[in-house]
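What follows is a set of notes on a single structure, which appears directly below.
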Amino acid sequence: VADEVDEAVRGLQAEWGIANYKTSDENKEAAFKALVDKAEALSGKHAERAEPKIWEAIIRAGYAGAMGGVSSMFNAMPQMEKGRDLLLEAEKIDAKAMHGAVYTTLGSFYYMVPGGFIGFGDNDKAEAYLAKAIEVAPDDMDANYFSGDYWLERKKYKKAIPYLEKVLALPDVADRPIYSEGRKAEAAAKLAKAKKKAPPF
């Protein structure tokens with residue numbers, strides 16, 4: 001029997017792909033805002049399941065990223081904090097759900113968010129979570145993408161390259177064509193940057 005939570009999560013994934021990759025910048029914030037409400041309703045209805053929490057967190061990060069202007073840091077940080085809390089809840093329910101997406105997403109949050117007084121950013125935590133993600137799902141597109149992006153951000157270009165190359169070598173994710181195309185395009189751009197900056201030896 002088809003699992004209604006899985007089906008609903010697939011719907012969120014499809015809408016996220018459109019919001020993230022196919023929506024113009026001026027319409028992104030509104031698209032993500034509507035999607036946050038949908039995801040939050042699903043998480044509330046199925047509080048015992050990890051998957052809706054994971055996707056609510058991912059969508060909140062997209063919403064935070066779509067907020068422009070001077071106020072964006074002030075408004076974005078609560079979205080990232082709520083996302084982190086949802087992921088920590090999901091980790092307790094099923095840490096390995098959706099190819100270890102909890103680990104991948106927590107890892108990405110910890111290096112993307114500033115540290116210090118502003119946010120909860122923490123490179124050591126990011127590195128540990130991303131390593132767990134690769135351990136759980138070595139062939140997961142996001143686990144490889146965010147691992148590559150992490151090392152690129154840390155200016156460890158030689159470490160970034162194999163992860164980003166792997167993203168491009170992986171088959172497209174079943175039923176997620178927009179995401180697969182968009183993620184590979186992002187990985188290709190980051191790979192070009194890493195190769196340009198990597199030391200020649």
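Order determines the names: the first chain of the structure tokens is A, the second B, and so forth; residues in each chain are numbered 1 upward, and ligands are numbered 1 upward as they are shown.
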- Message: Please list as number ranges by chain every residue within 12 Å of Ala185 in chain A, counting only C-alpha atoms and excluding residues in the same chain fewer than 2 positions away.
- Response: A: 21, 145, 164-165, 167-168, 178-183, 187-192
With N, CA, C and O atoms retained, could you export that selection as a PDB file, in the first residue's frame?
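As written to disk, part_17.pdb reads:
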ATOM      1  N   TYR A  21      14.907  25.812  -8.436  1.00  0.00           N
ATOM      2  CA  TYR A  21      15.626  25.835  -9.715  1.00  0.00           C
ATOM      3  C   TYR A  21      14.867  26.488 -10.863  1.00  0.00           C
ATOM      4  O   TYR A  21      15.460  26.836 -11.872  1.00  0.00           O
ATOM      5  N   TYR A 145      27.586  16.429  -2.876  1.00  0.00           N
ATOM      6  CA  TYR A 145      27.571  17.857  -3.242  1.00  0.00           C
ATOM      7  C   TYR A 145      27.966  18.741  -2.052  1.00  0.00           C
ATOM      8  O   TYR A 145      28.830  19.612  -2.165  1.00  0.00           O
ATOM      9  N   LEU A 164      32.771  16.627  -5.907  1.00  0.00           N
ATOM     10  CA  LEU A 164      32.014  17.327  -6.945  1.00  0.00           C
ATOM     11  C   LEU A 164      32.029  16.529  -8.246  1.00  0.00           C
ATOM     12  O   LEU A 164      31.013  16.468  -8.963  1.00  0.00           O
ATOM     13  N   GLU A 165      33.159  15.873  -8.542  1.00  0.00           N
ATOM     14  CA  GLU A 165      33.220  15.005  -9.732  1.00  0.00           C
ATOM     15  C   GLU A 165      32.227  13.854  -9.597  1.00  0.00           C
ATOM     16  O   GLU A 165      31.586  13.455 -10.574  1.00  0.00           O
ATOM     17  N   VAL A 167      29.372  13.832  -7.983  1.00  0.00           N
ATOM     18  CA  VAL A 167      28.002  14.306  -8.230  1.00  0.00           C
ATOM     19  C   VAL A 167      27.684  14.210  -9.726  1.00  0.00           C
ATOM     20  O   VAL A 167      26.617  13.737 -10.121  1.00  0.00           O
ATOM     21  N   LEU A 168      28.636  14.659 -10.555  1.00  0.00           N
ATOM     22  CA  LEU A 168      28.406  14.676 -12.002  1.00  0.00           C
ATOM     23  C   LEU A 168      28.372  13.262 -12.584  1.00  0.00           C
ATOM     24  O   LEU A 168      27.706  13.019 -13.596  1.00  0.00           O
ATOM     25  N   ILE A 178      14.178  17.598 -12.161  1.00  0.00           N
ATOM     26  CA  ILE A 178      14.524  19.025 -12.012  1.00  0.00           C
ATOM     27  C   ILE A 178      15.643  19.179 -10.989  1.00  0.00           C
ATOM     28  O   ILE A 178      16.613  19.915 -11.205  1.00  0.00           O
ATOM     29  N   TYR A 179      15.497  18.458  -9.880  1.00  0.00           N
ATOM     30  CA  TYR A 179      16.534  18.490  -8.846  1.00  0.00           C
ATOM     31  C   TYR A 179      17.864  17.975  -9.404  1.00  0.00           C
ATOM     32  O   TYR A 179      18.904  18.600  -9.225  1.00  0.00           O
ATOM     33  N   SER A 180      17.835  16.825 -10.074  1.00  0.00           N
ATOM     34  CA  SER A 180      19.076  16.196 -10.563  1.00  0.00           C
ATOM     35  C   SER A 180      19.819  17.130 -11.518  1.00  0.00           C
ATOM     36  O   SER A 180      21.035  17.324 -11.401  1.00  0.00           O
ATOM     37  N   GLU A 181      19.069  17.724 -12.431  1.00  0.00           N
ATOM     38  CA  GLU A 181      19.665  18.650 -13.405  1.00  0.00           C
ATOM     39  C   GLU A 181      20.227  19.882 -12.689  1.00  0.00           C
ATOM     40  O   GLU A 181      21.347  20.332 -12.967  1.00  0.00           O
ATOM     41  N   GLY A 182      19.449  20.418 -11.751  1.00  0.00           N
ATOM     42  CA  GLY A 182      19.868  21.637 -11.045  1.00  0.00           C
ATOM     43  C   GLY A 182      21.083  21.410 -10.166  1.00  0.00           C
ATOM     44  O   GLY A 182      22.023  22.215 -10.163  1.00  0.00           O
ATOM     45  N   ARG A 183      21.082  20.305  -9.440  1.00  0.00           N
ATOM     46  CA  ARG A 183      22.198  20.008  -8.534  1.00  0.00           C
ATOM     47  C   ARG A 183      23.479  19.758  -9.329  1.00  0.00           C
ATOM     48  O   ARG A 183      24.555  20.204  -8.932  1.00  0.00           O
ATOM     49  N   ALA A 187      26.997  21.695  -9.129  1.00  0.00           N
ATOM     50  CA  ALA A 187      28.246  20.963  -8.877  1.00  0.00           C
ATOM     51  C   ALA A 187      29.276  21.261  -9.966  1.00  0.00           C
ATOM     52  O   ALA A 187      30.464  21.436  -9.674  1.00  0.00           O
ATOM     53  N   ALA A 188      28.826  21.357 -11.215  1.00  0.00           N
ATOM     54  CA  ALA A 188      29.737  21.637 -12.323  1.00  0.00           C
ATOM     55  C   ALA A 188      30.381  23.015 -12.159  1.00  0.00           C
ATOM     56  O   ALA A 188      31.590  23.179 -12.375  1.00  0.00           O
ATOM     57  N   ALA A 189      29.587  23.994 -11.752  1.00  0.00           N
ATOM     58  CA  ALA A 189      30.111  25.353 -11.544  1.00  0.00           C
ATOM     59  C   ALA A 189      31.132  25.359 -10.406  1.00  0.00           C
ATOM     60  O   ALA A 189      32.195  25.991 -10.501  1.00  0.00           O
ATOM     61  N   LYS A 190      30.831  24.639  -9.325  1.00  0.00           N
ATOM     62  CA  LYS A 190      31.744  24.598  -8.172  1.00  0.00           C
ATOM     63  C   LYS A 190      33.009  23.811  -8.510  1.00  0.00           C
ATOM     64  O   LYS A 190      34.100  24.161  -8.058  1.00  0.00           O
ATOM     65  N   LEU A 191      32.853  22.760  -9.310  1.00  0.00           N
ATOM     66  CA  LEU A 191      34.009  21.962  -9.720  1.00  0.00           C
ATOM     67  C   LEU A 191      34.969  22.814 -10.556  1.00  0.00           C
ATOM     68  O   LEU A 191      36.190  22.759 -10.366  1.00  0.00           O
ATOM     69  N   ALA A 192      34.415  23.599 -11.457  1.00  0.00           N
ATOM     70  CA  ALA A 192      35.263  24.477 -12.293  1.00  0.00           C
ATOM     71  C   ALA A 192      36.048  25.440 -11.408  1.00  0.00           C
ATOM     72  O   ALA A 192      37.234  25.672 -11.626  1.00  0.00           O
TER      73      ALA A 192
END
- Item | Non-local contacts of Gly121 in chain A (9 Å; only C-alpha atoms; under 4 positions in same chain excluded) as a list in words |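 Using only C-alpha atoms, the neighbours found are Phe109, Tyr110, Tyr111, Met112, Val113, Pro114, Gly115, Gly116, Lys125 and Ala126 of chain A.
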File of the preceding selection, all heavy atoms, as a PDB file, in the first residue's frame:
ATOM      1  N   PHE A 109      23.900  22.897   7.163  1.00  0.00           N
ATOM      2  CA  PHE A 109      23.482  24.020   8.020  1.00  0.00           C
ATOM      3  C   PHE A 109      24.664  24.533   8.836  1.00  0.00           C
ATOM      4  O   PHE A 109      24.860  25.737   8.956  1.00  0.00           O
ATOM      5  CB  PHE A 109      22.383  23.570   8.990  1.00  0.00           C
ATOM      6  CG  PHE A 109      20.987  23.607   8.416  1.00  0.00           C
ATOM      7  CD1 PHE A 109      20.748  23.372   7.070  1.00  0.00           C
ATOM      8  CD2 PHE A 109      19.894  23.858   9.244  1.00  0.00           C
ATOM      9  CE1 PHE A 109      19.461  23.400   6.550  1.00  0.00           C
ATOM     10  CE2 PHE A 109      18.602  23.889   8.732  1.00  0.00           C
ATOM     11  CZ  PHE A 109      18.371  23.657   7.384  1.00  0.00           C
ATOM     12  N   TYR A 110      25.459  23.612   9.398  1.00  0.00           N
ATOM     13  CA  TYR A 110      26.521  24.032  10.320  1.00  0.00           C
ATOM     14  C   TYR A 110      27.645  24.798   9.615  1.00  0.00           C
ATOM     15  O   TYR A 110      28.318  25.598  10.238  1.00  0.00           O
ATOM     16  CB  TYR A 110      27.072  22.837  11.103  1.00  0.00           C
ATOM     17  CG  TYR A 110      26.231  22.492  12.309  1.00  0.00           C
ATOM     18  CD1 TYR A 110      25.547  21.282  12.405  1.00  0.00           C
ATOM     19  CD2 TYR A 110      26.107  23.386  13.377  1.00  0.00           C
ATOM     20  CE1 TYR A 110      24.766  20.971  13.508  1.00  0.00           C
ATOM     21  CE2 TYR A 110      25.326  23.082  14.488  1.00  0.00           C
ATOM     22  CZ  TYR A 110      24.657  21.883  14.544  1.00  0.00           C
ATOM     23  OH  TYR A 110      23.883  21.586  15.640  1.00  0.00           O
ATOM     24  N   TYR A 111      27.857  24.555   8.298  1.00  0.00           N
ATOM     25  CA  TYR A 111      28.892  25.377   7.656  1.00  0.00           C
ATOM     26  C   TYR A 111      28.331  26.597   6.937  1.00  0.00           C
ATOM     27  O   TYR A 111      29.058  27.551   6.686  1.00  0.00           O
ATOM     28  CB  TYR A 111      29.808  24.552   6.730  1.00  0.00           C
ATOM     29  CG  TYR A 111      29.274  24.190   5.367  1.00  0.00           C
ATOM     30  CD1 TYR A 111      29.322  25.091   4.304  1.00  0.00           C
ATOM     31  CD2 TYR A 111      28.771  22.914   5.116  1.00  0.00           C
ATOM     32  CE1 TYR A 111      28.854  24.737   3.043  1.00  0.00           C
ATOM     33  CE2 TYR A 111      28.317  22.557   3.866  1.00  0.00           C
ATOM     34  CZ  TYR A 111      28.354  23.474   2.826  1.00  0.00           C
ATOM     35  OH  TYR A 111      27.889  23.109   1.593  1.00  0.00           O
ATOM     36  N   MET A 112      27.033  26.601   6.631  1.00  0.00           N
ATOM     37  CA  MET A 112      26.467  27.740   5.904  1.00  0.00           C
ATOM     38  C   MET A 112      26.080  28.885   6.822  1.00  0.00           C
ATOM     39  O   MET A 112      26.053  30.044   6.412  1.00  0.00           O
ATOM     40  CB  MET A 112      25.241  27.293   5.119  1.00  0.00           C
ATOM     41  CG  MET A 112      25.605  26.460   3.913  1.00  0.00           C
ATOM     42  SD  MET A 112      24.120  25.962   3.046  1.00  0.00           S
ATOM     43  CE  MET A 112      24.843  25.070   1.681  1.00  0.00           C
ATOM     44  N   VAL A 113      25.740  28.541   8.048  1.00  0.00           N
ATOM     45  CA  VAL A 113      25.293  29.560   9.002  1.00  0.00           C
ATOM     46  C   VAL A 113      26.529  30.170   9.658  1.00  0.00           C
ATOM     47  O   VAL A 113      27.467  29.464   9.996  1.00  0.00           O
ATOM     48  CB  VAL A 113      24.374  28.897  10.062  1.00  0.00           C
ATOM     49  CG1 VAL A 113      24.149  29.786  11.259  1.00  0.00           C
ATOM     50  CG2 VAL A 113      23.046  28.533   9.416  1.00  0.00           C
ATOM     51  N   PRO A 114      26.548  31.500   9.849  1.00  0.00           N
ATOM     52  CA  PRO A 114      27.711  32.089  10.535  1.00  0.00           C
ATOM     53  C   PRO A 114      27.806  31.613  11.985  1.00  0.00           C
ATOM     54  O   PRO A 114      26.799  31.217  12.576  1.00  0.00           O
ATOM     55  CB  PRO A 114      27.445  33.596  10.477  1.00  0.00           C
ATOM     56  CG  PRO A 114      26.074  33.781   9.960  1.00  0.00           C
ATOM     57  CD  PRO A 114      25.544  32.483   9.458  1.00  0.00           C
ATOM     58  N   GLY A 115      29.013  31.656  12.510  1.00  0.00           N
ATOM     59  CA  GLY A 115      29.208  31.281  13.910  1.00  0.00           C
ATOM     60  C   GLY A 115      29.203  32.503  14.804  1.00  0.00           C
ATOM     61  O   GLY A 115      28.733  33.567  14.424  1.00  0.00           O
ATOM     62  N   GLY A 116      29.738  32.343  15.988  1.00  0.00           N
ATOM     63  CA  GLY A 116      29.875  33.475  16.910  1.00  0.00           C
ATOM     64  C   GLY A 116      28.532  33.940  17.441  1.00  0.00           C
ATOM     65  O   GLY A 116      27.655  33.139  17.737  1.00  0.00           O
ATOM     66  N   LYS A 125      31.385  20.527  13.652  1.00  0.00           N
ATOM     67  CA  LYS A 125      30.123  19.773  13.575  1.00  0.00           C
ATOM     68  C   LYS A 125      29.761  19.496  12.121  1.00  0.00           C
ATOM     69  O   LYS A 125      29.289  18.402  11.785  1.00  0.00           O
ATOM     70  CB  LYS A 125      28.992  20.565  14.249  1.00  0.00           C
ATOM     71  CG  LYS A 125      29.027  20.492  15.762  1.00  0.00           C
ATOM     72  CD  LYS A 125      27.800  21.145  16.376  1.00  0.00           C
ATOM     73  CE  LYS A 125      27.828  21.027  17.903  1.00  0.00           C
ATOM     74  NZ  LYS A 125      26.731  21.764  18.523  1.00  0.00           N
ATOM     75  N   ALA A 126      29.971  20.496  11.266  1.00  0.00           N
ATOM     76  CA  ALA A 126      29.665  20.316   9.839  1.00  0.00           C
ATOM     77  C   ALA A 126      30.447  19.127   9.284  1.00  0.00           C
ATOM     78  O   ALA A 126      29.888  18.240   8.631  1.00  0.00           O
ATOM     79  CB  ALA A 126      30.010  21.587   9.064  1.00  0.00           C
TER      80      ALA A 126
END
- Quick one: pick out all helix (DSSP H, G or I) residues within range 62-137 of chain A from a backbone DSSP run and write them as an NGL selection string. :A and (62-66 or 72-94 or 97-112 or 123-136)
- Message: Which residues are near Lys158 in chain A? Cut-off 12 Å, only C-alpha atoms, ignore same chain within fewer than 2 positions. Put them as a list in words.
- Response: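 Residues near the query, excluding close chain neighbours: Gly148, Asp149, Tyr150, Trp151, Leu152, Glu153, Arg154, Lys155, Lys156, Ala160, Ile161, Pro162, Tyr163, Leu164, Glu165, Leu191, Ala192, Lys193, Ala194, Lys195, Lys196, Lys197, Ala198, Pro199, Pro200 and Phe201 of chain A.
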Kindly save the residues from that selection, with N, CA and C atoms included, as an mmCIF file, in the first residue's frame.
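As written to disk, part_32.cif reads:
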data_model
loop_
_atom_site.group_PDB
_atom_site.id
_atom_site.type_symbol
_atom_site.label_atom_id
_atom_site.label_comp_id
_atom_site.auth_asym_id
_atom_site.auth_seq_id
_atom_site.Cartn_x
_atom_site.Cartn_y
_atom_site.Cartn_z
ATOM 1 N N GLY A 148 31.608 18.347 -1.036
ATOM 2 C CA GLY A 148 32.471 19.106 -1.943
ATOM 3 C C GLY A 148 32.391 20.596 -1.683
ATOM 4 N N ASP A 149 31.166 21.085 -1.486
ATOM 5 C CA ASP A 149 30.967 22.518 -1.251
ATOM 6 C C ASP A 149 31.617 22.953 0.067
ATOM 7 N N TYR A 150 31.524 22.092 1.076
ATOM 8 C CA TYR A 150 32.149 22.392 2.372
ATOM 9 C C TYR A 150 33.652 22.614 2.210
ATOM 10 N N TRP A 151 34.315 21.672 1.511
ATOM 11 C CA TRP A 151 35.776 21.803 1.350
ATOM 12 C C TRP A 151 36.138 22.996 0.464
ATOM 13 N N LEU A 152 35.270 23.282 -0.498
ATOM 14 C CA LEU A 152 35.480 24.472 -1.333
ATOM 15 C C LEU A 152 35.420 25.737 -0.470
ATOM 16 N N GLU A 153 34.410 25.807 0.403
ATOM 17 C CA GLU A 153 34.270 26.959 1.310
ATOM 18 C C GLU A 153 35.483 27.101 2.236
ATOM 19 N N ARG A 154 36.054 25.970 2.613
ATOM 20 C CA ARG A 154 37.231 25.975 3.496
ATOM 21 C C ARG A 154 38.535 26.195 2.713
ATOM 22 N N LYS A 155 38.396 26.392 1.402
ATOM 23 C CA LYS A 155 39.543 26.604 0.501
ATOM 24 C C LYS A 155 40.467 25.378 0.407
ATOM 25 N N LYS A 156 39.907 24.203 0.682
ATOM 26 C CA LYS A 156 40.643 22.945 0.513
ATOM 27 C C LYS A 156 40.215 22.356 -0.839
ATOM 28 N N ALA A 160 37.889 19.053 -2.285
ATOM 29 C CA ALA A 160 36.536 19.272 -2.827
ATOM 30 C C ALA A 160 36.319 18.529 -4.145
ATOM 31 N N ILE A 161 37.366 18.461 -4.965
ATOM 32 C CA ILE A 161 37.216 18.005 -6.357
ATOM 33 C C ILE A 161 36.590 16.607 -6.492
ATOM 34 N N PRO A 162 37.077 15.574 -5.761
ATOM 35 C CA PRO A 162 36.490 14.236 -5.978
ATOM 36 C C PRO A 162 34.999 14.163 -5.647
ATOM 37 N N TYR A 163 34.562 14.894 -4.624
ATOM 38 C CA TYR A 163 33.130 14.871 -4.281
ATOM 39 C C TYR A 163 32.294 15.497 -5.391
ATOM 40 N N LEU A 164 32.771 16.627 -5.907
ATOM 41 C CA LEU A 164 32.014 17.327 -6.945
ATOM 42 C C LEU A 164 32.029 16.529 -8.246
ATOM 43 N N GLU A 165 33.159 15.873 -8.542
ATOM 44 C CA GLU A 165 33.220 15.005 -9.732
ATOM 45 C C GLU A 165 32.227 13.854 -9.597
ATOM 46 N N LEU A 191 32.853 22.760 -9.310
ATOM 47 C CA LEU A 191 34.009 21.962 -9.720
ATOM 48 C C LEU A 191 34.969 22.814 -10.556
ATOM 49 N N ALA A 192 34.415 23.599 -11.457
ATOM 50 C CA ALA A 192 35.263 24.477 -12.293
ATOM 51 C C ALA A 192 36.048 25.440 -11.408
ATOM 52 N N LYS A 193 35.376 25.976 -10.393
ATOM 53 C CA LYS A 193 36.035 26.907 -9.463
ATOM 54 C C LYS A 193 37.140 26.193 -8.681
ATOM 55 N N ALA A 194 36.843 24.982 -8.198
ATOM 56 C CA ALA A 194 37.814 24.220 -7.403
ATOM 57 C C ALA A 194 39.049 23.891 -8.246
ATOM 58 N N LYS A 195 38.803 23.488 -9.501
ATOM 59 C CA LYS A 195 39.927 23.113 -10.382
ATOM 60 C C LYS A 195 40.796 24.333 -10.705
ATOM 61 N N LYS A 196 40.137 25.470 -10.860
ATOM 62 C CA LYS A 196 40.877 26.703 -11.180
ATOM 63 C C LYS A 196 41.779 27.119 -10.014
ATOM 64 N N LYS A 197 41.295 26.864 -8.790
ATOM 65 C CA LYS A 197 42.017 27.345 -7.610
ATOM 66 C C LYS A 197 42.920 26.295 -6.973
ATOM 67 N N ALA A 198 42.725 25.034 -7.361
ATOM 68 C CA ALA A 198 43.515 23.967 -6.717
ATOM 69 C C ALA A 198 45.000 24.129 -7.065
ATOM 70 N N PRO A 199 45.883 23.860 -6.086
ATOM 71 C CA PRO A 199 47.312 23.909 -6.412
ATOM 72 C C PRO A 199 47.651 22.822 -7.424
ATOM 73 N N PRO A 200 48.637 23.071 -8.287
ATOM 74 C CA PRO A 200 48.907 22.142 -9.384
ATOM 75 C C PRO A 200 49.620 20.858 -8.972
ATOM 76 N N PHE A 201 49.914 20.702 -7.687
ATOM 77 C CA PHE A 201 50.650 19.496 -7.269
ATOM 78 C C PHE A 201 49.905 18.755 -6.182
#
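Reported to one decimal place, the separation of CA of Lys82 in chain A from CA of Leu12 in chain A is 17.9 Å.
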Against range 48-63 of chain A, which residues of range 88-118 of chain A fall within 9 Å? For each one I want the closest pair of atoms and the distance in Å (one decimal), counting only C-alpha atoms, rows by chain and increasing residue number, as JSON lines.
{"residue": "A:Glu89", "atom": "CA", "partner": "A:Ala50", "partner_atom": "CA", "distance": 7.7}
{"residue": "A:Ala90", "atom": "CA", "partner": "A:Ala50", "partner_atom": "CA", "distance": 4.4}
{"residue": "A:Glu91", "atom": "CA", "partner": "A:Ala50", "partner_atom": "CA", "distance": 7.3}
{"residue": "A:Lys92", "atom": "CA", "partner": "A:Ala50", "partner_atom": "CA", "distance": 8.4}
{"residue": "A:Ile93", "atom": "CA", "partner": "A:Ala50", "partner_atom": "CA", "distance": 5.8}
{"residue": "A:Asp94", "atom": "CA", "partner": "A:Ala50", "partner_atom": "CA", "distance": 6.0}
{"residue": "A:Ala95", "atom": "CA", "partner": "A:Ala50", "partner_atom": "CA", "distance": 8.1}
{"residue": "A:Ala97", "atom": "CA", "partner": "A:Glu51", "partner_atom": "CA", "distance": 6.8}
{"residue": "A:Met98", "atom": "CA", "partner": "A:Glu51", "partner_atom": "CA", "distance": 7.2}
{"residue": "A:Ala101", "atom": "CA", "partner": "A:Ile54", "partner_atom": "CA", "distance": 7.2}
{"residue": "A:Val102", "atom": "CA", "partner": "A:Ile54", "partner_atom": "CA", "distance": 6.4}
{"residue": "A:Thr105", "atom": "CA", "partner": "A:Ile58", "partner_atom": "CA", "distance": 7.1}
{"residue": "A:Phe109", "atom": "CA", "partner": "A:Ala61", "partner_atom": "CA", "distance": 8.1}
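The interatomic distance for the pair CA of Lys28 in chain A and CA of Ala66 in chain A works out to 5.8 Å.
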- Residue nearest Glu15 in chain A among A:Gly83, A:Pro177, A:Gly100, A:Gly68 (counting only C-alpha atoms): A:Pro177
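Minimum atom-to-atom distances from A:Gly44, A:Pro171, A:Gly17, A:Gly119 to Met73 in chain A were compared using only C-alpha atoms, and the lowest value belongs to A:Gly119.
Proximity ranking of A:Phe120, A:Tyr103, A:Ala174, A:Ile18 relative to Phe146 in chain A places A:Tyr103 first, based on only C-alpha atoms.
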- Find the spatial neighbours of Ala143 in chain A, counting only C-alpha atoms, within a cut-off of 6 Å - ignore same-chain residues fewer than 5 positions away - and output them as a list in words. Thr104, Ala133 and Ile134 of chain A
Please save N, CA and C atoms of the selected residues as a short mmCIF file (atom, residue, chain, number, x, y, z; two decimals), in the first residue's frame.
data_model
loop_
_atom_site.label_atom_id
_atom_site.label_comp_id
_atom_site.auth_asym_id
_atom_site.auth_seq_id
_atom_site.Cartn_x
_atom_site.Cartn_y
_atom_site.Cartn_z
N THR A 104 23.37 14.90 6.17
CA THR A 104 23.76 15.80 5.08
C THR A 104 23.27 17.21 5.35
N ALA A 133 27.26 11.37 6.75
CA ALA A 133 26.38 11.29 5.58
C ALA A 133 27.01 10.42 4.49
N ILE A 134 28.29 10.64 4.23
CA ILE A 134 29.01 9.87 3.20
C ILE A 134 29.13 8.40 3.62
#
